[in-house]
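**Q** What follows is data.txt; its format and atoms are compact mmCIF, C-alpha atoms and all ligand atoms.
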# COMPACT_ATOMS: atom_id res chain seq x y z
CA MET W 1 -18.92 20.51 -9.14
CA HIS W 2 -21.07 17.64 -8.14
CA ASN W 3 -21.70 14.11 -9.15
CA ILE W 4 -24.90 12.09 -9.17
CA GLY W 5 -24.81 8.33 -8.74
CA ARG W 6 -24.90 5.54 -6.20
CA LEU W 7 -22.42 6.00 -3.36
CA ALA W 8 -20.66 3.54 -1.05
CA VAL W 9 -20.51 5.38 2.30
CA TRP W 10 -19.71 4.68 5.94
CA ASP W 11 -19.31 6.22 9.35
CA PRO W 12 -15.56 6.36 10.06
CA ALA W 13 -16.25 5.30 13.64
CA GLY W 14 -18.13 2.16 12.54
CA SER W 15 -16.72 -1.36 12.31
CA GLN W 16 -14.85 -2.43 9.18
CA SER W 17 -17.79 -4.50 7.90
CA GLU W 18 -20.32 -1.61 8.00
CA LEU W 19 -21.03 -0.09 4.62
CA ASN W 20 -24.14 1.49 3.10
CA HIS W 21 -25.08 2.18 -0.46
CA VAL W 22 -26.88 5.51 -0.90
CA GLU W 23 -29.21 5.48 -3.92
CA ARG W 24 -29.79 8.59 -6.06
CA ALA W 25 -26.97 10.24 -4.21
CA ALA W 26 -24.94 13.36 -4.79
CA LEU W 27 -21.40 14.36 -4.03
CA ARG W 28 -20.23 17.94 -4.21
CA TRP W 29 -16.64 19.16 -4.18
CA GLU W 30 -14.80 22.41 -4.47
CA ASN W 31 -11.10 23.24 -4.65
CA GLY W 32 -10.17 19.57 -4.52
CA ARG W 33 -12.16 18.75 -1.36
CA ILE W 34 -15.52 17.12 -0.80
CA THR W 35 -17.96 19.67 0.60
CA TRP W 36 -21.18 17.65 0.68
CA CYS W 37 -22.32 14.03 0.38
CA GLY W 38 -25.82 12.55 0.73
CA ARG W 39 -29.14 11.96 -1.01
CA GLU W 40 -29.64 14.11 -4.08
CA GLU W 41 -33.01 15.40 -2.85
CA ASP W 42 -31.27 16.89 0.22
CA LEU W 43 -28.49 18.58 -1.77
CA PRO W 44 -28.44 22.34 -1.07
CA VAL W 45 -29.18 24.43 -4.19
CA ALA W 46 -26.13 24.81 -6.41
CA GLY W 47 -24.52 28.01 -7.63
CA VAL W 48 -25.28 28.83 -11.29
CA ASP W 49 -21.80 27.99 -12.49
CA GLU W 50 -21.67 24.54 -10.92
CA THR W 51 -20.70 21.75 -13.30
CA ARG W 52 -22.74 18.60 -12.94
CA ILE W 53 -21.44 15.13 -13.77
CA ASP W 54 -24.01 12.38 -14.05
CA ALA W 55 -22.49 9.10 -12.86
CA GLY W 56 -25.46 7.22 -14.34
CA GLU W 57 -25.61 3.63 -13.16
CA SER W 58 -22.05 3.72 -11.77
CA LEU W 59 -21.14 2.96 -8.22
CA VAL W 60 -19.11 5.79 -6.67
CA VAL W 61 -16.46 4.70 -4.15
CA PRO W 62 -13.48 6.48 -2.60
CA GLY W 63 -10.22 6.40 -4.56
CA LEU W 64 -8.19 3.32 -3.67
CA VAL W 65 -5.17 3.54 -1.39
CA ASP W 66 -2.38 1.02 -2.07
CA CYS W 67 -0.59 1.25 1.29
CA HIS W 68 2.25 -1.22 0.53
CA THR W 69 4.30 -1.23 -2.68
CA HIS W 70 7.95 -1.47 -3.72
CA LEU W 71 7.25 0.71 -6.77
CA ALA W 72 10.68 1.69 -8.10
CA PHE W 73 13.01 -1.17 -9.00
CA GLY W 74 15.28 -2.24 -11.83
CA GLY W 75 14.69 -5.37 -13.93
CA TRP W 76 12.18 -8.16 -13.41
CA ARG W 77 12.48 -11.74 -12.07
CA ALA W 78 10.33 -13.83 -14.40
CA ASP W 79 13.10 -16.48 -14.33
CA GLU W 80 12.46 -16.99 -10.61
CA PHE W 81 8.72 -17.22 -11.23
CA ALA W 82 9.46 -20.16 -13.55
CA MET W 83 11.93 -21.68 -11.05
CA ARG W 84 9.36 -21.57 -8.25
CA ILE W 85 6.77 -23.23 -10.47
CA ALA W 86 9.34 -25.98 -11.09
CA GLY W 87 9.67 -26.46 -7.31
CA ALA W 88 12.36 -24.06 -6.08
CA ASP W 89 11.65 -22.27 -2.80
CA TYR W 90 11.57 -18.45 -2.46
CA LEU W 91 14.20 -18.46 0.30
CA GLU W 92 16.36 -21.06 -1.49
CA ILE W 93 16.48 -18.74 -4.53
CA ALA W 94 17.40 -15.85 -2.24
CA ARG W 95 20.23 -17.82 -0.62
CA ALA W 96 21.61 -18.62 -4.09
CA GLY W 97 22.05 -14.89 -4.81
CA GLY W 98 18.69 -14.33 -6.52
CA GLY W 99 15.66 -12.69 -4.95
CA ILE W 100 16.05 -9.26 -3.39
CA ALA W 101 19.82 -9.22 -4.12
CA SER W 102 19.16 -9.70 -7.83
CA THR W 103 16.75 -6.74 -7.91
CA MET W 104 19.27 -4.77 -5.86
CA ARG W 105 21.88 -5.20 -8.61
CA ALA W 106 19.42 -4.13 -11.32
CA THR W 107 18.23 -1.15 -9.24
CA ARG W 108 21.75 0.02 -8.51
CA SER W 109 22.59 0.03 -12.21
CA ALA W 110 19.42 1.95 -13.17
CA SER W 111 19.64 5.75 -13.26
CA GLU W 112 17.27 8.01 -11.35
CA ASP W 113 15.71 9.09 -14.66
CA GLU W 114 15.18 5.50 -15.80
CA LEU W 115 13.47 4.64 -12.52
CA VAL W 116 11.25 7.72 -12.81
CA GLU W 117 10.22 6.81 -16.37
CA ARG W 118 9.36 3.25 -15.46
CA SER W 119 7.48 4.20 -12.30
CA LEU W 120 5.42 6.75 -14.23
CA GLY W 121 4.25 3.91 -16.45
CA PHE W 122 3.29 1.79 -13.44
CA LEU W 123 1.43 4.69 -11.79
CA ALA W 124 -0.54 5.43 -14.95
CA GLU W 125 -1.73 1.81 -15.09
CA MET W 126 -2.43 1.67 -11.36
CA SER W 127 -4.54 4.80 -11.44
CA ARG W 128 -6.58 3.45 -14.35
CA ASN W 129 -7.48 0.56 -12.04
CA GLY W 130 -8.54 2.98 -9.31
CA THR W 131 -5.44 3.58 -7.19
CA THR W 132 -5.23 7.25 -6.17
CA THR W 133 -2.70 7.08 -3.30
CA VAL W 134 0.37 4.81 -3.18
CA GLU W 135 2.86 4.07 -0.43
CA CYS W 136 6.26 3.46 -2.06
CA LYS W 137 9.20 1.75 -0.37
CA SER W 138 12.88 1.95 -1.14
CA GLY W 139 14.88 -1.15 -0.22
CA TYR W 140 16.44 -2.30 -3.49
CA GLY W 141 19.30 0.21 -3.31
CA LEU W 142 20.82 -0.90 0.01
CA SER W 143 23.65 1.65 -0.13
CA LEU W 144 23.43 5.25 1.02
CA GLU W 145 23.64 6.57 -2.52
CA ASP W 146 21.18 4.09 -4.06
CA GLU W 147 18.60 4.39 -1.28
CA LEU W 148 18.69 8.18 -1.67
CA LYS W 149 18.34 7.74 -5.43
CA VAL W 150 15.16 5.66 -5.10
CA LEU W 151 13.63 8.01 -2.52
CA ARG W 152 14.38 10.99 -4.77
CA VAL W 153 12.54 9.12 -7.54
CA TYR W 154 9.47 9.08 -5.28
CA ARG W 155 9.78 12.78 -4.56
CA ARG W 156 9.94 13.53 -8.29
CA LEU W 157 6.96 11.27 -9.01
CA GLN W 158 4.90 13.34 -6.59
CA GLN W 159 5.56 16.40 -8.74
CA LEU W 160 5.18 14.72 -12.14
CA GLN W 161 1.75 13.09 -11.90
CA ASP W 162 -1.50 13.08 -9.91
CA VAL W 163 -1.40 9.90 -7.80
CA ARG W 164 -0.45 10.84 -4.22
CA ILE W 165 2.85 9.31 -3.09
CA VAL W 166 3.87 8.43 0.48
CA ALA W 167 7.51 7.36 0.81
CA THR W 168 8.93 4.72 3.13
CA PHE W 169 12.61 3.96 3.74
CA LEU W 170 13.24 0.19 3.67
CA GLY W 171 17.03 0.16 3.88
CA ALA W 172 16.54 -2.76 6.30
CA HIS W 173 15.18 -5.06 3.57
CA VAL W 174 18.16 -7.47 3.67
CA VAL W 175 21.83 -7.10 4.54
CA PRO W 176 23.49 -6.43 1.14
CA PRO W 177 26.13 -8.96 0.00
CA GLU W 178 29.10 -6.58 0.52
CA PHE W 179 28.25 -6.58 4.25
CA SER W 180 27.95 -10.35 4.62
CA GLY W 181 29.63 -11.36 7.86
CA ARG W 182 29.47 -7.71 8.98
CA ARG W 183 25.81 -7.28 9.87
CA SER W 184 26.47 -4.84 12.66
CA ASP W 185 28.39 -2.58 10.27
CA TYR W 186 25.35 -2.44 7.98
CA ILE W 187 23.08 -1.63 10.93
CA ARG W 188 25.47 1.15 11.87
CA LEU W 189 25.28 2.48 8.30
CA LEU W 190 21.47 2.39 8.49
CA THR W 191 21.19 4.10 11.86
CA ARG W 192 24.08 6.58 11.70
CA GLU W 193 24.21 7.57 8.04
CA MET W 194 21.20 6.56 5.98
CA ILE W 195 18.40 7.51 8.43
CA PRO W 196 19.93 10.92 9.28
CA ALA W 197 20.56 11.72 5.59
CA ILE W 198 17.00 10.74 4.59
CA ALA W 199 15.50 12.74 7.45
CA GLU W 200 17.61 15.76 6.55
CA GLU W 201 16.31 15.77 2.97
CA GLY W 202 12.78 14.95 4.16
CA LEU W 203 12.69 12.01 1.75
CA ALA W 204 10.58 9.54 3.76
CA GLU W 205 7.85 9.52 6.39
CA TYR W 206 8.11 5.87 7.41
CA CYS W 207 10.90 3.42 8.19
CA ASP W 208 10.13 -0.22 7.40
CA VAL W 209 12.14 -3.28 8.53
CA PHE W 210 11.81 -6.81 7.08
CA VAL W 211 11.84 -8.92 10.24
CA GLU W 212 12.55 -12.48 9.14
CA GLU W 213 15.19 -15.17 9.58
CA THR W 214 16.86 -14.21 6.28
CA ALA W 215 16.57 -10.49 6.92
CA PHE W 216 16.65 -8.79 10.37
CA THR W 217 16.06 -10.04 13.91
CA PRO W 218 13.60 -8.33 16.26
CA GLY W 219 16.59 -7.06 18.27
CA GLU W 220 18.17 -5.46 15.20
CA ALA W 221 14.80 -4.02 14.18
CA ARG W 222 14.42 -2.39 17.61
CA GLU W 223 17.76 -0.65 17.19
CA ILE W 224 16.82 0.57 13.70
CA PHE W 225 13.40 1.83 14.85
CA GLU W 226 14.96 3.66 17.77
CA ALA W 227 17.14 5.63 15.34
CA ALA W 228 14.20 6.13 12.95
CA LEU W 229 11.95 7.46 15.71
CA SER W 230 14.62 9.85 16.91
CA PHE W 231 14.65 11.35 13.39
CA GLY W 232 10.84 11.50 13.16
CA LEU W 233 10.32 8.45 10.92
CA VAL W 234 7.36 6.26 11.94
CA PRO W 235 7.91 2.46 12.11
CA LYS W 236 6.30 -0.06 9.74
CA LEU W 237 7.14 -3.75 9.52
CA HIS W 238 7.26 -6.67 7.14
CA ALA W 239 6.25 -9.05 9.90
CA ASP W 240 5.74 -12.79 10.28
CA GLN W 241 5.56 -13.37 6.50
CA LEU W 242 7.37 -16.70 6.22
CA SER W 243 7.64 -17.67 9.90
CA ASP W 244 6.60 -16.36 13.32
CA THR W 245 9.45 -14.16 14.53
CA GLY W 246 7.39 -12.08 16.95
CA GLY W 247 6.98 -9.31 14.38
CA ALA W 248 3.35 -8.53 15.27
CA ALA W 249 4.19 -7.99 18.95
CA LEU W 250 7.21 -5.89 18.00
CA ALA W 251 4.97 -3.67 15.83
CA ALA W 252 2.79 -3.01 18.88
CA GLU W 253 5.82 -2.38 21.09
CA VAL W 254 7.35 0.27 18.79
CA GLY W 255 4.04 1.98 17.97
CA ALA W 256 4.15 1.06 14.28
CA ALA W 257 1.58 2.53 11.90
CA SER W 258 1.14 -0.93 10.41
CA ALA W 259 2.47 -4.47 10.39
CA ASP W 260 2.25 -6.10 6.99
CA HIS W 261 2.01 -9.73 5.68
CA LEU W 262 1.40 -11.47 9.08
CA GLU W 263 0.65 -14.90 7.58
CA TYR W 264 2.36 -16.54 10.58
CA ALA W 265 1.46 -14.02 13.32
CA SER W 266 0.80 -15.61 16.72
CA GLU W 267 -2.35 -15.24 18.84
CA ASP W 268 -0.41 -13.10 21.28
CA GLY W 269 0.95 -10.96 18.47
CA ILE W 270 -2.56 -10.29 17.16
CA GLY W 271 -3.70 -9.36 20.68
CA ALA W 272 -0.79 -6.95 21.07
CA MET W 273 -1.62 -5.28 17.75
CA ALA W 274 -5.27 -4.89 18.79
CA GLY W 275 -4.19 -3.28 22.06
CA ALA W 276 -1.84 -0.83 20.36
CA GLY W 277 -4.15 0.01 17.43
CA VAL W 278 -1.64 -1.15 14.80
CA VAL W 279 -3.21 -1.66 11.36
CA ALA W 280 -2.65 -5.13 9.85
CA VAL W 281 -1.96 -5.15 6.11
CA CYS W 282 -3.15 -8.17 4.13
CA LEU W 283 -1.09 -8.83 0.97
CA PRO W 284 -2.87 -11.71 -0.79
CA LEU W 285 -0.93 -11.38 -4.07
CA ALA W 286 2.29 -12.31 -2.23
CA SER W 287 0.64 -15.36 -0.64
CA LEU W 288 -0.81 -16.32 -4.01
CA TYR W 289 2.44 -16.02 -5.98
CA LEU W 290 4.51 -17.79 -3.31
CA GLY W 291 1.88 -20.48 -2.79
CA LYS W 292 1.89 -19.79 0.96
CA THR W 293 -0.81 -19.76 3.62
CA PRO W 294 -2.91 -16.61 3.35
CA MET W 295 -3.13 -14.15 6.22
CA LYS W 296 -6.02 -14.92 8.59
CA ALA W 297 -7.85 -11.62 8.17
CA ARG W 298 -10.99 -12.91 9.92
CA GLU W 299 -9.07 -13.61 13.09
CA PHE W 300 -7.52 -10.11 13.10
CA ILE W 301 -10.91 -8.47 12.55
CA ARG W 302 -12.55 -10.66 15.21
CA ARG W 303 -9.88 -9.56 17.68
CA GLY W 304 -10.48 -5.88 16.86
CA VAL W 305 -7.59 -5.19 14.47
CA ARG W 306 -8.34 -3.17 11.31
CA VAL W 307 -7.11 -4.95 8.18
CA ALA W 308 -5.90 -3.01 5.13
CA VAL W 309 -5.52 -4.64 1.70
CA ALA W 310 -2.60 -3.76 -0.58
CA THR W 311 -0.71 -5.20 -3.56
CA ASP W 312 2.89 -5.43 -2.23
CA PHE W 313 3.83 -4.72 -5.86
CA ASN W 314 7.46 -5.89 -6.32
CA PRO W 315 9.34 -7.96 -8.93
CA GLY W 316 9.65 -11.06 -6.71
CA SER W 317 6.79 -12.09 -4.47
CA ALA W 318 4.02 -9.93 -5.96
CA PRO W 319 4.64 -8.82 -9.56
CA SER W 320 1.21 -7.18 -9.98
CA HIS W 321 -0.04 -3.73 -9.04
CA HIS W 322 -3.71 -4.56 -9.62
CA LEU W 323 -5.36 -3.49 -6.36
CA PRO W 324 -8.92 -4.60 -7.26
CA LEU W 325 -7.46 -8.07 -7.90
CA ALA W 326 -5.83 -8.01 -4.45
CA MET W 327 -9.23 -7.01 -3.00
CA THR W 328 -10.99 -9.95 -4.66
CA LEU W 329 -8.24 -12.28 -3.39
CA ALA W 330 -8.54 -10.81 0.12
CA CYS W 331 -12.16 -12.02 -0.03
CA THR W 332 -11.49 -15.49 -1.44
CA MET W 333 -8.17 -16.26 0.30
CA SER W 334 -8.39 -14.32 3.57
CA ARG W 335 -12.19 -14.43 3.90
CA MET W 336 -12.75 -10.71 4.12
CA THR W 337 -16.24 -9.59 3.10
CA PRO W 338 -16.37 -7.37 -0.01
CA ALA W 339 -17.26 -4.41 2.25
CA GLU W 340 -14.25 -5.13 4.48
CA ALA W 341 -12.00 -5.46 1.43
CA LEU W 342 -13.20 -2.12 -0.01
CA LYS W 343 -12.65 -0.40 3.33
CA GLY W 344 -9.31 -2.22 3.59
CA ALA W 345 -8.22 -0.63 0.32
CA THR W 346 -9.64 2.83 1.16
CA ILE W 347 -10.15 4.12 4.70
CA VAL W 348 -8.10 1.40 6.44
CA GLY W 349 -5.35 1.57 3.82
CA ALA W 350 -5.29 5.31 4.49
CA ALA W 351 -5.00 4.59 8.22
CA ALA W 352 -1.96 2.37 7.54
CA ILE W 353 -0.20 5.49 6.23
CA ARG W 354 -1.95 7.82 8.69
CA ARG W 355 -3.94 9.60 6.00
CA GLU W 356 -7.48 8.66 7.06
CA ARG W 357 -8.33 12.30 7.71
CA GLN W 358 -7.31 13.22 4.17
CA THR W 359 -8.52 10.38 1.96
CA GLY W 360 -10.32 7.03 1.90
CA SER W 361 -13.94 8.12 2.52
CA LEU W 362 -16.51 10.30 0.79
CA LEU W 363 -16.94 12.72 3.68
CA PRO W 364 -16.86 16.52 3.69
CA GLY W 365 -13.32 17.72 4.24
CA MET W 366 -11.71 14.74 2.52
CA ALA W 367 -9.78 15.12 -0.74
CA ALA W 368 -12.15 14.59 -3.68
CA ASN W 369 -10.53 11.25 -4.61
CA PHE W 370 -13.19 8.90 -5.96
CA LEU W 371 -13.99 6.36 -8.65
CA LEU W 372 -16.91 5.57 -10.92
CA VAL W 373 -17.21 1.79 -11.03
CA ASP W 374 -19.28 -0.19 -13.50
CA ALA W 375 -21.00 -2.42 -10.95
CA PRO W 376 -24.32 -2.30 -9.08
CA ASP W 377 -22.67 -2.63 -5.66
CA VAL W 378 -19.42 -3.57 -3.93
CA GLU W 379 -20.27 -7.28 -3.71
CA HIS W 380 -20.82 -7.45 -7.44
CA TRP W 381 -17.66 -5.47 -8.25
CA LEU W 382 -15.35 -7.81 -6.32
CA TYR W 383 -17.23 -10.96 -7.28
CA HIS W 384 -17.24 -10.41 -11.05
CA PHE W 385 -13.51 -9.84 -11.44
CA ARG W 386 -12.48 -8.44 -14.80
CA GLY W 387 -9.65 -6.48 -16.37
CA ASN W 388 -10.96 -3.14 -15.24
CA ALA W 389 -14.41 -2.17 -13.99
CA VAL W 390 -13.27 1.36 -13.14
CA GLN W 391 -14.73 3.88 -15.60
CA GLY W 392 -13.72 7.17 -14.05
CA VAL W 393 -10.97 8.28 -11.67
CA PHE W 394 -10.88 11.63 -9.83
CA ILE W 395 -7.95 12.82 -7.74
CA GLY W 396 -8.30 16.08 -5.84
CA GLY W 397 -11.46 16.73 -7.86
CA LYS W 398 -9.62 16.44 -11.18
CA GLN W 399 -10.69 13.73 -13.58
CA VAL W 400 -7.52 11.80 -14.45
CA HIS W 401 -9.24 8.94 -16.37
O1 LIG H 501 7.10 -7.72 0.64
N1 LIG H 501 9.25 -9.57 2.11
C1 LIG H 501 10.08 -8.80 1.67
N2 LIG H 501 9.96 -7.99 0.65
C2 LIG H 501 9.07 -8.16 -0.45
C3 LIG H 501 9.57 -9.08 -1.46
C4 LIG H 501 10.77 -8.58 -2.05
C5 LIG H 501 11.26 -9.38 -3.22
O2 LIG H 501 11.07 -10.60 -3.32
O3 LIG H 501 11.87 -8.71 -4.03
C6 LIG H 501 7.70 -8.55 0.00
O4 LIG H 501 7.20 -9.65 -0.25
FE FE H 502 6.59 -5.87 0.77
Write the structure described by the file as structure tokens, please.

**A**
Amino acid sequence: MHNIGRLAVWDPAGSQSELNHVERAALRWENGRITWCGREEDLPVAGVDETRIDAGESLVVPGLVDCHTHLAFGGWRADEFAMRIAGADYLEIARAGGGIASTMRATRSASEDELVERSLGFLAEMSRNGTTTVECKSGYGLSLEDELKVLRVYRRLQQLQDVRIVATFLGAHVVPPEFSGRRSDYIRLLTREMIPAIAEEGLAEYCDVFVEETAFTPGEAREIFEAALSFGLVPKLHADQLSDTGGAALAAEVGAASADHLEYASEDGIGAMAGAGVVAVCLPLASLYLGKTPMKAREFIRRGVRVAVATDFNPGSAPSHHLPLAMTLACTMSRMTPAEALKGATIVGAAAIRRERQTGSLLPGMAANFLLVDAPDVEHWLYHFRGNAVQGVFIGGKQVH
């Protein structure tokens, strides 16, 4: 099969800002993988049975990768949205028993089937907006049984629909209320029971820790990552979101795949991430909803750190899974160029989950995950924000929308 249109392409070795549009281009794929990409006039002659799709005036870009979501959760927290508008602080609400603990209660009382049903609805909407790969975190169960339940939801989602799922264990989201005053007992549960059980069932690839004053200290995170690494789980961090706790430097120290949020990361932390090749993940929807300083993406890019863009979809700080909206906001709030934002939500997002050899570019060998976008170029797409400019979505060569 091949596809004729205008392609957004790049050399994977190039800088994040480099992007070219190829006019009158062609893309060929077979058995779910891209086999050829370039100018139509150079396309080798097709076999007789090849199906041809004419993308017309559409812009063809790689399928989007949302490399940071908390997809499966019970309930919503619209009440807190209203409270914050009236002046309450995110952490104040959390200390009063709301926030993550409130979603924990709703997630614990939801069944595995209910969470699957709800997540299927989210994934269908996300893929219509162009998301073809999603990283999904646990972290609202916070007991052995409930964390396993949420991770099993992710495994089932992988089998029930087309969007590719990558699972992350975030048992270290906060210390659950039943362990208050017994933090070290919870850390023991994480390291001695939860991580081994998850590894044994092969339920997650990554282990994330929320490093923050109200969550876990860098020392506790080190202990959790040590256990995770010994069971083959790769570290990821919620780092320096609300204050500088040295999360960026810790990400470099433990060889994390990514450090996410980073609104308050220090100069030294950014330097350490550059040195260790840790991907920074910009989550502008969270900054927008919490009314906090956006992440300084320009500074990271200037220092040689690749910056991914993701939604952080969750019921508290980022109740939207609209990745093109997050990309537009990464431009306006974090001053990424449209090209950097597109690469942030494709090839660099893929790098944040170590999938850049499988998806995120239109190169031979990559999965045939791509979108037809109703826009003349990337600048115009992200500038003229609207409900949905995505007209066609292909995952593994199969048209899903
Ligand atoms: O990424 N920072 C921690 N976790 C989520 C928010 C979780 C919540 O408020 O429910 C985040 O912003
Ligand atoms: Fe998050």

**Q** I'd like the interatomic distance between CA of Pro294 in chain W and CA of Ala124 in chain W, to a tenth of an Å.

**A**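 Those two atoms sit 28.7 Å apart.
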
**Q** Show me which residues sit within 7 Å of ligand LIG 501 (chain H) when counting all atoms listed in the file, and put them as a tab-separated table (two decimals) with C-alpha atoms, keeping the file's coordinate frame.

**A**
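Output below, filename out16.tsv:
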chain	number	residue	atom	x	y	z
W	99	GLY	CA	15.66	-12.69	-4.95
W	100	ILE	CA	16.05	-9.26	-3.39
W	103	THR	CA	16.75	-6.74	-7.91
W	173	HIS	CA	15.18	-5.06	3.57
W	210	PHE	CA	11.81	-6.81	7.08
W	238	HIS	CA	7.26	-6.67	7.14
W	241	GLN	CA	5.56	-13.37	6.50
W	286	ALA	CA	2.29	-12.31	-2.23
W	312	ASP	CA	2.89	-5.43	-2.23
W	314	ASN	CA	7.46	-5.89	-6.32
W	315	PRO	CA	9.34	-7.96	-8.93
W	316	GLY	CA	9.65	-11.06	-6.71
W	317	SER	CA	6.79	-12.09	-4.47
W	318	ALA	CA	4.02	-9.93	-5.96

**Q** Might you pull out every residue within 9 Å of Leu362 in chain W, with all atoms listed in the file counted and same-chain residues fewer than 4 positions away left off, and present them as a CSV table (one decimal) with C-alpha atoms, keeping the file's coordinate frame?

**A**
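Here's the written file result38.csv:
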chain,number,residue,atom,x,y,z
W,7,LEU,CA,-22.4,6.0,-3.4
W,8,ALA,CA,-20.7,3.5,-1.0
W,9,VAL,CA,-20.5,5.4,2.3
W,10,TRP,CA,-19.7,4.7,5.9
W,27,LEU,CA,-21.4,14.4,-4.0
W,34,ILE,CA,-15.5,17.1,-0.8
W,36,TRP,CA,-21.2,17.6,0.7
W,37,CYS,CA,-22.3,14.0,0.4
W,61,VAL,CA,-16.5,4.7,-4.2
W,62,PRO,CA,-13.5,6.5,-2.6
W,366,MET,CA,-11.7,14.7,2.5
W,367,ALA,CA,-9.8,15.1,-0.7
W,368,ALA,CA,-12.2,14.6,-3.7
W,369,ASN,CA,-10.5,11.2,-4.6
W,370,PHE,CA,-13.2,8.9,-6.0

**Q** Report as JSON lines: every residue of chain W with an atom at most 12 Å from ligand FE 502 (chain H), its closest pair of atoms, and their distance in Å to one decimal, counting all atoms listed in the file, with rows sorted by chain and ascending residue number.

**A**
{"residue": "W:Asp66", "atom": "CA", "partner": "H:FE502", "partner_atom": "FE", "distance": 11.7}
{"residue": "W:Cys67", "atom": "CA", "partner": "H:FE502", "partner_atom": "FE", "distance": 10.1}
{"residue": "W:His68", "atom": "CA", "partner": "H:FE502", "partner_atom": "FE", "distance": 6.4}
{"residue": "W:Thr69", "atom": "CA", "partner": "H:FE502", "partner_atom": "FE", "distance": 6.2}
{"residue": "W:His70", "atom": "CA", "partner": "H:FE502", "partner_atom": "FE", "distance": 6.4}
{"residue": "W:Leu71", "atom": "CA", "partner": "H:FE502", "partner_atom": "FE", "distance": 10.0}
{"residue": "W:Ile100", "atom": "CA", "partner": "H:FE502", "partner_atom": "FE", "distance": 10.9}
{"residue": "W:Glu135", "atom": "CA", "partner": "H:FE502", "partner_atom": "FE", "distance": 10.7}
{"residue": "W:Cys136", "atom": "CA", "partner": "H:FE502", "partner_atom": "FE", "distance": 9.8}
{"residue": "W:Lys137", "atom": "CA", "partner": "H:FE502", "partner_atom": "FE", "distance": 8.1}
{"residue": "W:Ser138", "atom": "CA", "partner": "H:FE502", "partner_atom": "FE", "distance": 10.2}
{"residue": "W:Gly139", "atom": "CA", "partner": "H:FE502", "partner_atom": "FE", "distance": 9.6}
{"residue": "W:Tyr140", "atom": "CA", "partner": "H:FE502", "partner_atom": "FE", "distance": 11.3}
{"residue": "W:Thr168", "atom": "CA", "partner": "H:FE502", "partner_atom": "FE", "distance": 11.1}
{"residue": "W:Phe169", "atom": "CA", "partner": "H:FE502", "partner_atom": "FE", "distance": 11.9}
{"residue": "W:Leu170", "atom": "CA", "partner": "H:FE502", "partner_atom": "FE", "distance": 9.5}
{"residue": "W:Ala172", "atom": "CA", "partner": "H:FE502", "partner_atom": "FE", "distance": 11.8}
{"residue": "W:His173", "atom": "CA", "partner": "H:FE502", "partner_atom": "FE", "distance": 9.1}
{"residue": "W:Asp208", "atom": "CA", "partner": "H:FE502", "partner_atom": "FE", "distance": 9.4}
{"residue": "W:Val209", "atom": "CA", "partner": "H:FE502", "partner_atom": "FE", "distance": 9.9}
{"residue": "W:Phe210", "atom": "CA", "partner": "H:FE502", "partner_atom": "FE", "distance": 8.2}
{"residue": "W:Val211", "atom": "CA", "partner": "H:FE502", "partner_atom": "FE", "distance": 11.2}
{"residue": "W:Lys236", "atom": "CA", "partner": "H:FE502", "partner_atom": "FE", "distance": 10.7}
{"residue": "W:Leu237", "atom": "CA", "partner": "H:FE502", "partner_atom": "FE", "distance": 9.0}
{"residue": "W:His238", "atom": "CA", "partner": "H:FE502", "partner_atom": "FE", "distance": 6.5}
{"residue": "W:Ala239", "atom": "CA", "partner": "H:FE502", "partner_atom": "FE", "distance": 9.7}
{"residue": "W:Asp240", "atom": "CA", "partner": "H:FE502", "partner_atom": "FE", "distance": 11.8}
{"residue": "W:Gln241", "atom": "CA", "partner": "H:FE502", "partner_atom": "FE", "distance": 9.5}
{"residue": "W:Ala259", "atom": "CA", "partner": "H:FE502", "partner_atom": "FE", "distance": 10.6}
{"residue": "W:Asp260", "atom": "CA", "partner": "H:FE502", "partner_atom": "FE", "distance": 7.6}
{"residue": "W:His261", "atom": "CA", "partner": "H:FE502", "partner_atom": "FE", "distance": 7.7}
{"residue": "W:Leu262", "atom": "CA", "partner": "H:FE502", "partner_atom": "FE", "distance": 11.3}
{"residue": "W:Val281", "atom": "CA", "partner": "H:FE502", "partner_atom": "FE", "distance": 10.1}
{"residue": "W:Cys282", "atom": "CA", "partner": "H:FE502", "partner_atom": "FE", "distance": 10.6}
{"residue": "W:Leu283", "atom": "CA", "partner": "H:FE502", "partner_atom": "FE", "distance": 8.2}
{"residue": "W:Pro284", "atom": "CA", "partner": "H:FE502", "partner_atom": "FE", "distance": 11.2}
{"residue": "W:Leu285", "atom": "CA", "partner": "H:FE502", "partner_atom": "FE", "distance": 10.5}
{"residue": "W:Ala286", "atom": "CA", "partner": "H:FE502", "partner_atom": "FE", "distance": 8.3}
{"residue": "W:Ser287", "atom": "CA", "partner": "H:FE502", "partner_atom": "FE", "distance": 11.3}
{"residue": "W:Ala310", "atom": "CA", "partner": "H:FE502", "partner_atom": "FE", "distance": 9.5}
{"residue": "W:Thr311", "atom": "CA", "partner": "H:FE502", "partner_atom": "FE", "distance": 8.5}
{"residue": "W:Asp312", "atom": "CA", "partner": "H:FE502", "partner_atom": "FE", "distance": 4.8}
{"residue": "W:Phe313", "atom": "CA", "partner": "H:FE502", "partner_atom": "FE", "distance": 7.3}
{"residue": "W:Asn314", "atom": "CA", "partner": "H:FE502", "partner_atom": "FE", "distance": 7.1}
{"residue": "W:Pro315", "atom": "CA", "partner": "H:FE502", "partner_atom": "FE", "distance": 10.3}
{"residue": "W:Gly316", "atom": "CA", "partner": "H:FE502", "partner_atom": "FE", "distance": 9.6}
{"residue": "W:Ser317", "atom": "CA", "partner": "H:FE502", "partner_atom": "FE", "distance": 8.1}
{"residue": "W:Ala318", "atom": "CA", "partner": "H:FE502", "partner_atom": "FE", "distance": 8.3}
{"residue": "W:Pro319", "atom": "CA", "partner": "H:FE502", "partner_atom": "FE", "distance": 10.9}
